[in-house]
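**Q** Would you mind keeping the following structure in view while I ask a few things?
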Amino acid sequence: MAATTASTLPSARKKNRQTPKSGGWGSPSTYFVALVIVGLTIAPIAYIVLGGFRTNSQITLSPSGLPDPWHFENYTNVLTGSTFWRQLGNSTIVALVTSIIIVGFGLMASYVLARYSFRGRGALYALFAAGLMFPITVAITPLYIVVRDLHLMNSLAGVILPQVGFGLSTTVIILVPFLRAIPQEIEEAAAIDGTGKLGFFFRMVLPLSLPGVLTTGILAFVGSWNSYILPLFILNDADKFTLPLGVQAFSSQYSTDTAAVLAFTSLSMIPALVFFSLFERRIVGGLQGAVKG
Amino acid sequence: MSESSANEPLAVESSRSQLTVAGAGVKPAPATGRATRRRSGGGWRQRFEIALLSGPAVLMFVGFVIFPVVLAAYYGFFRWKGYGKPTDFIGLQNYKTILTDPEFHAALQHNLTIVVLSLILQGPIAIGLALLLNRKMRGRSLIRVLIFVPYVVSEVIVGTGWSLMLATNGAVNDLFGKIGLDSLQQDWLSDPNIAIWSLMLIISWKYIGFAVILFMAALQNIPEELYEAASIDGASYWQIQRSITVPLLGPTVRIWAFLSIIGSLQLFDLVYIVWGQYVAGTAGVSTMATYMVQYGRNAGNFGYGSAVAVVLFLISLVIALIYQRFVLRRDTAGAITGGAK
């Protein structure tokens, strides 16, 4: 008895000392909790994806069951129809154009705020920062009227332009510190070589701020891709729907065809997931930076 | 010599922008006499550049953010169906109606419930998860990615999936039946006593990854030496967490709480998608934003909807300012109140 305790104790202690350094396996309870968390996180997504592989009678008989047998028709129906692809195209156009304009305009304004000295600079920054207090929800009713008066109802431009306005705050707040961090010496060196401030912007600032630009662009893209309330107000015509509106329209139109709804929903999830897995580090880092900044 | 005089305007410009940086408190630079002399009056060229570069952003921002918010304040004084010019000025009548409408009171109460429940449910769980995921273990980075996935998936997809799962004959009740917990089967979405908890479940599932990611970043910024010193002094794991981790996590938690409060007050998408405008009221999950859409645009009362937006904004603003004044003040001058850094 005494021998066993004596022999197990030192080895246990050694193990404890090793784990923090070597990046070893950690304790089983940690894994158990982590596994439960991952399970809870993934289950709803698995439900949507797997449900698309079932038939309606399977879903009715056993709502929480697995596909048995697997049934691919729901997915092929969605993929061979035109609705999904058109909405995917609309979402892509809106998100791409939105993020390009946001990054372009945002970078230009941030450059002014970061590297020019003029009266009203603080006020201009405060104006953009105040935008954080105006989520699109608050302004949606008058925004709808503004877009209507511009005759942009039911057009993708009617979604893009307001999204640019509302996306600028975050972009400016992330980019200004970024541009300030570019060493003054580089600008002086460029000036000695005869480059003006505008030339410096295009030749030096653009390439040097690429990481910040990518981060804000990706955040703007994801925000636009998932946005719901603005397209809901602006787009009435099913031909112009973005994917979120499309999912909602599809699920109310085919409310009895649960399997088809699940297939449509899970397909519309894929682009965001692919995008996220490609840019995970930038998205996460950007959100962390935005909150810290 | 001739070369330097040719470049003199540029040199002045660059030393002036050095002042910019110094004024910004990033890098103190000695102000040269020449720059001080010319500091106040920017040349026409600089003004042109400033206008050229900031013009488009300012135009978009003022046109699509500031102008609509101001318009909302204006339209809020009218009974207006959204066609032609608003002419039927009714003063504060819209606001009186809003503030005396029991349905709005209910919506406001739901919002405040969501604010409080989000903080006390998500906060501790997210801190716990961040501590857990900060430990050395295999597959940690994969878990990190997975836990963040719900945040990236759009509200519509989340809402559609959960509303099917939580339906009376949906997967959740079916699962409880299968494992013999029939007593737990509920009308998750339509029972007014339960629906708000179902909403909290969906909200927490969707947004907790965001909190975890923020807290993990803050944890990684805590210097390793503090932990080493504490463990040399013989502190246990929990003592270390309580005396080092939690206090140093404070600023991040407070900023997360701010974002969570604002998000909860403005909540619209998930409720509107899962419950729709009519059911939300009877199920006890309507929010100020769903009330605004239901009685504003959907009812064709644009004056009234604008007034609700103003009320929603003012409530958010007051709560945000109080929070900034009493909670955030000790951390940093916030981006909103601090102006240019």
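By order in the structure tokens, chains are A, B, ...; within a chain, residues start at 1; ligands start at 1, following the order shown.
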Please identify which residues in range 68-175 of chain A DSSP calls alpha helix (DSSP H) from the backbone, and express them as number ranges by chain.
**A** A: 73-80, 83-115, 121-130, 136-149, 156-175
**Q** Okay, now the selection with C-alpha atoms, as a PDB file, in the first residue's frame?
**A**
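Listing of result-v5.pdb after writing:
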```pdb
ATOM      1  CA  GLU A  73     -33.412  14.464 -54.010  1.00  0.00           C
ATOM      2  CA  ASN A  74     -33.973  17.529 -51.813  1.00  0.00           C
ATOM      3  CA  TYR A  75     -30.496  18.792 -52.475  1.00  0.00           C
ATOM      4  CA  THR A  76     -30.512  18.018 -56.196  1.00  0.00           C
ATOM      5  CA  ASN A  77     -33.885  19.742 -56.551  1.00  0.00           C
ATOM      6  CA  VAL A  78     -32.545  22.913 -55.010  1.00  0.00           C
ATOM      7  CA  LEU A  79     -29.299  22.749 -56.977  1.00  0.00           C
ATOM      8  CA  THR A  80     -30.972  22.143 -60.335  1.00  0.00           C
ATOM      9  CA  THR A  83     -33.920  30.154 -57.400  1.00  0.00           C
ATOM     10  CA  PHE A  84     -30.985  29.203 -55.216  1.00  0.00           C
ATOM     11  CA  TRP A  85     -28.363  30.192 -57.770  1.00  0.00           C
ATOM     12  CA  ARG A  86     -29.995  33.519 -58.528  1.00  0.00           C
ATOM     13  CA  GLN A  87     -30.170  34.394 -54.846  1.00  0.00           C
ATOM     14  CA  LEU A  88     -26.616  33.240 -54.347  1.00  0.00           C
ATOM     15  CA  GLY A  89     -25.608  35.556 -57.172  1.00  0.00           C
ATOM     16  CA  ASN A  90     -27.543  38.477 -55.690  1.00  0.00           C
ATOM     17  CA  SER A  91     -25.973  37.939 -52.273  1.00  0.00           C
ATOM     18  CA  THR A  92     -22.513  37.727 -53.816  1.00  0.00           C
ATOM     19  CA  ILE A  93     -22.954  40.911 -55.836  1.00  0.00           C
ATOM     20  CA  VAL A  94     -24.331  42.837 -52.868  1.00  0.00           C
ATOM     21  CA  ALA A  95     -21.655  41.622 -50.443  1.00  0.00           C
ATOM     22  CA  LEU A  96     -18.765  42.129 -52.882  1.00  0.00           C
ATOM     23  CA  VAL A  97     -19.749  45.609 -54.016  1.00  0.00           C
ATOM     24  CA  THR A  98     -20.613  46.653 -50.453  1.00  0.00           C
ATOM     25  CA  SER A  99     -17.279  45.553 -49.036  1.00  0.00           C
ATOM     26  CA  ILE A 100     -15.240  47.031 -51.907  1.00  0.00           C
ATOM     27  CA  ILE A 101     -16.881  50.446 -51.539  1.00  0.00           C
ATOM     28  CA  ILE A 102     -16.701  50.354 -47.742  1.00  0.00           C
ATOM     29  CA  VAL A 103     -13.004  49.534 -47.795  1.00  0.00           C
ATOM     30  CA  GLY A 104     -12.213  52.089 -50.512  1.00  0.00           C
ATOM     31  CA  PHE A 105     -14.082  55.009 -48.978  1.00  0.00           C
ATOM     32  CA  GLY A 106     -13.203  53.943 -45.434  1.00  0.00           C
ATOM     33  CA  LEU A 107      -9.495  53.740 -46.195  1.00  0.00           C
ATOM     34  CA  MET A 108      -9.485  57.164 -47.819  1.00  0.00           C
ATOM     35  CA  ALA A 109     -11.301  58.785 -44.907  1.00  0.00           C
ATOM     36  CA  SER A 110      -9.135  56.968 -42.366  1.00  0.00           C
ATOM     37  CA  TYR A 111      -6.018  58.218 -44.126  1.00  0.00           C
ATOM     38  CA  VAL A 112      -7.237  61.780 -43.742  1.00  0.00           C
ATOM     39  CA  LEU A 113      -8.085  61.196 -40.081  1.00  0.00           C
ATOM     40  CA  ALA A 114      -4.812  59.479 -39.331  1.00  0.00           C
ATOM     41  CA  ARG A 115      -2.254  61.557 -41.199  1.00  0.00           C
ATOM     42  CA  ARG A 121     -10.495  66.392 -37.434  1.00  0.00           C
ATOM     43  CA  GLY A 122     -11.616  65.333 -33.975  1.00  0.00           C
ATOM     44  CA  ALA A 123     -15.205  66.173 -34.843  1.00  0.00           C
ATOM     45  CA  LEU A 124     -15.022  64.161 -38.053  1.00  0.00           C
ATOM     46  CA  TYR A 125     -13.717  61.134 -36.174  1.00  0.00           C
ATOM     47  CA  ALA A 126     -16.399  61.539 -33.526  1.00  0.00           C
ATOM     48  CA  LEU A 127     -19.020  61.666 -36.292  1.00  0.00           C
ATOM     49  CA  PHE A 128     -17.956  58.300 -37.656  1.00  0.00           C
ATOM     50  CA  ALA A 129     -17.546  56.828 -34.179  1.00  0.00           C
ATOM     51  CA  ALA A 130     -21.060  57.973 -33.285  1.00  0.00           C
ATOM     52  CA  ILE A 136     -29.500  49.934 -38.928  1.00  0.00           C
ATOM     53  CA  THR A 137     -32.604  48.840 -36.997  1.00  0.00           C
ATOM     54  CA  VAL A 138     -33.147  52.327 -35.610  1.00  0.00           C
ATOM     55  CA  ALA A 139     -32.952  54.046 -38.974  1.00  0.00           C
ATOM     56  CA  ILE A 140     -34.753  51.424 -41.043  1.00  0.00           C
ATOM     57  CA  THR A 141     -38.103  53.216 -41.394  1.00  0.00           C
ATOM     58  CA  PRO A 142     -36.757  56.557 -42.715  1.00  0.00           C
ATOM     59  CA  LEU A 143     -34.034  54.697 -44.615  1.00  0.00           C
ATOM     60  CA  TYR A 144     -36.761  52.891 -46.506  1.00  0.00           C
ATOM     61  CA  ILE A 145     -38.238  56.277 -47.428  1.00  0.00           C
ATOM     62  CA  VAL A 146     -34.849  57.689 -48.482  1.00  0.00           C
ATOM     63  CA  VAL A 147     -34.215  54.690 -50.718  1.00  0.00           C
ATOM     64  CA  ARG A 148     -37.713  54.945 -52.157  1.00  0.00           C
ATOM     65  CA  ASP A 149     -37.259  58.647 -52.909  1.00  0.00           C
ATOM     66  CA  LEU A 156     -29.506  45.763 -55.283  1.00  0.00           C
ATOM     67  CA  ALA A 157     -28.086  49.306 -55.212  1.00  0.00           C
ATOM     68  CA  GLY A 158     -30.806  50.201 -52.715  1.00  0.00           C
ATOM     69  CA  VAL A 159     -29.335  47.619 -50.346  1.00  0.00           C
ATOM     70  CA  ILE A 160     -25.681  48.334 -51.116  1.00  0.00           C
ATOM     71  CA  LEU A 161     -25.644  52.107 -50.548  1.00  0.00           C
ATOM     72  CA  PRO A 162     -27.153  52.128 -47.023  1.00  0.00           C
ATOM     73  CA  GLN A 163     -24.967  49.178 -46.053  1.00  0.00           C
ATOM     74  CA  VAL A 164     -21.908  51.186 -47.085  1.00  0.00           C
ATOM     75  CA  GLY A 165     -23.026  54.066 -44.873  1.00  0.00           C
ATOM     76  CA  PHE A 166     -23.594  51.823 -41.886  1.00  0.00           C
ATOM     77  CA  GLY A 167     -20.407  49.831 -42.405  1.00  0.00           C
ATOM     78  CA  LEU A 168     -18.128  52.860 -42.484  1.00  0.00           C
ATOM     79  CA  SER A 169     -18.011  53.393 -38.705  1.00  0.00           C
ATOM     80  CA  THR A 170     -16.403  50.065 -37.897  1.00  0.00           C
ATOM     81  CA  THR A 171     -14.043  50.374 -40.847  1.00  0.00           C
ATOM     82  CA  VAL A 172     -12.821  53.830 -39.879  1.00  0.00           C
ATOM     83  CA  ILE A 173     -12.385  52.832 -36.242  1.00  0.00           C
ATOM     84  CA  ILE A 174     -10.293  49.796 -37.181  1.00  0.00           C
ATOM     85  CA  LEU A 175      -8.235  51.491 -39.890  1.00  0.00           C
TER      86      LEU A 175
END
```
**Q** Counting only C-alpha atoms, what is within 10 Å of Thr30 in chain A, bar same-chain residues fewer than 5 positions away, as a PyMOL selection string?
**A** (chain A and resi 25+35) or (chain B and resi 132-133+135-137)
**Q** Residues near Phe210 in chain B, anyone? I mean within 8 Å using only C-alpha atoms, not counting same-chain ones fewer than 3 positions away, as a PDB file with N, CA and C atoms, in the first residue's frame.
**A**
```
ATOM      1  N   PHE B 148     -17.256  29.100 -32.822  1.00  0.00           N
ATOM      2  CA  PHE B 148     -17.523  30.396 -33.424  1.00  0.00           C
ATOM      3  C   PHE B 148     -18.454  30.290 -34.629  1.00  0.00           C
ATOM      4  N   TYR B 151     -21.889  32.068 -34.826  1.00  0.00           N
ATOM      5  CA  TYR B 151     -21.855  33.518 -34.980  1.00  0.00           C
ATOM      6  C   TYR B 151     -21.800  33.928 -36.442  1.00  0.00           C
ATOM      7  N   TYR B 207     -24.713  33.721 -30.118  1.00  0.00           N
ATOM      8  CA  TYR B 207     -23.766  34.805 -29.850  1.00  0.00           C
ATOM      9  C   TYR B 207     -22.689  34.472 -28.831  1.00  0.00           C
ATOM     10  N   ILE B 213     -14.606  34.211 -27.905  1.00  0.00           N
ATOM     11  CA  ILE B 213     -13.445  34.636 -28.690  1.00  0.00           C
ATOM     12  C   ILE B 213     -12.814  35.899 -28.082  1.00  0.00           C
ATOM     13  N   LEU B 214     -13.658  36.833 -27.670  1.00  0.00           N
ATOM     14  CA  LEU B 214     -13.126  38.059 -27.051  1.00  0.00           C
ATOM     15  C   LEU B 214     -12.383  37.740 -25.760  1.00  0.00           C
TER      16      LEU B 214
END
```
**Q** With only C-alpha atoms as the basis for distance, which of B:Tyr323, B:Phe176, B:Tyr295, B:Trp162 is at the shortest distance from Ile261 in chain B?
**A**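 Of the candidates, the smallest distance to Ile261 in chain B is held by B:Tyr323.
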**Q** Enumerate as a list in words all residues of range 63-243 of chain B assigned to strand (DSSP E) by DSSP on the backbone, naming them with the chain letters and numbers the document uses.
**A** Phe78, Arg79, Asp88 and Phe89 of chain B
**Q** Suppose we keep N, CA and C atoms; can you now write the selection as a short mmCIF file (atom, residue, chain, number, x, y, z; two decimals), in the first residue's frame?
**A**
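The file below, part.cif, is the result:
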```cif
data_model
loop_
_atom_site.label_atom_id
_atom_site.label_comp_id
_atom_site.auth_asym_id
_atom_site.auth_seq_id
_atom_site.Cartn_x
_atom_site.Cartn_y
_atom_site.Cartn_z
N PHE B 78 -45.54 63.46 -37.14
CA PHE B 78 -46.64 63.51 -38.11
C PHE B 78 -47.43 62.21 -38.11
N ARG B 79 -48.71 62.34 -38.46
CA ARG B 79 -49.48 61.15 -38.84
C ARG B 79 -49.31 61.04 -40.35
N ASP B 88 -49.80 66.19 -41.86
CA ASP B 88 -50.69 66.11 -40.71
C ASP B 88 -49.88 66.15 -39.41
N PHE B 89 -49.48 67.37 -39.02
CA PHE B 89 -48.64 67.52 -37.83
C PHE B 89 -49.45 67.25 -36.58
#
```
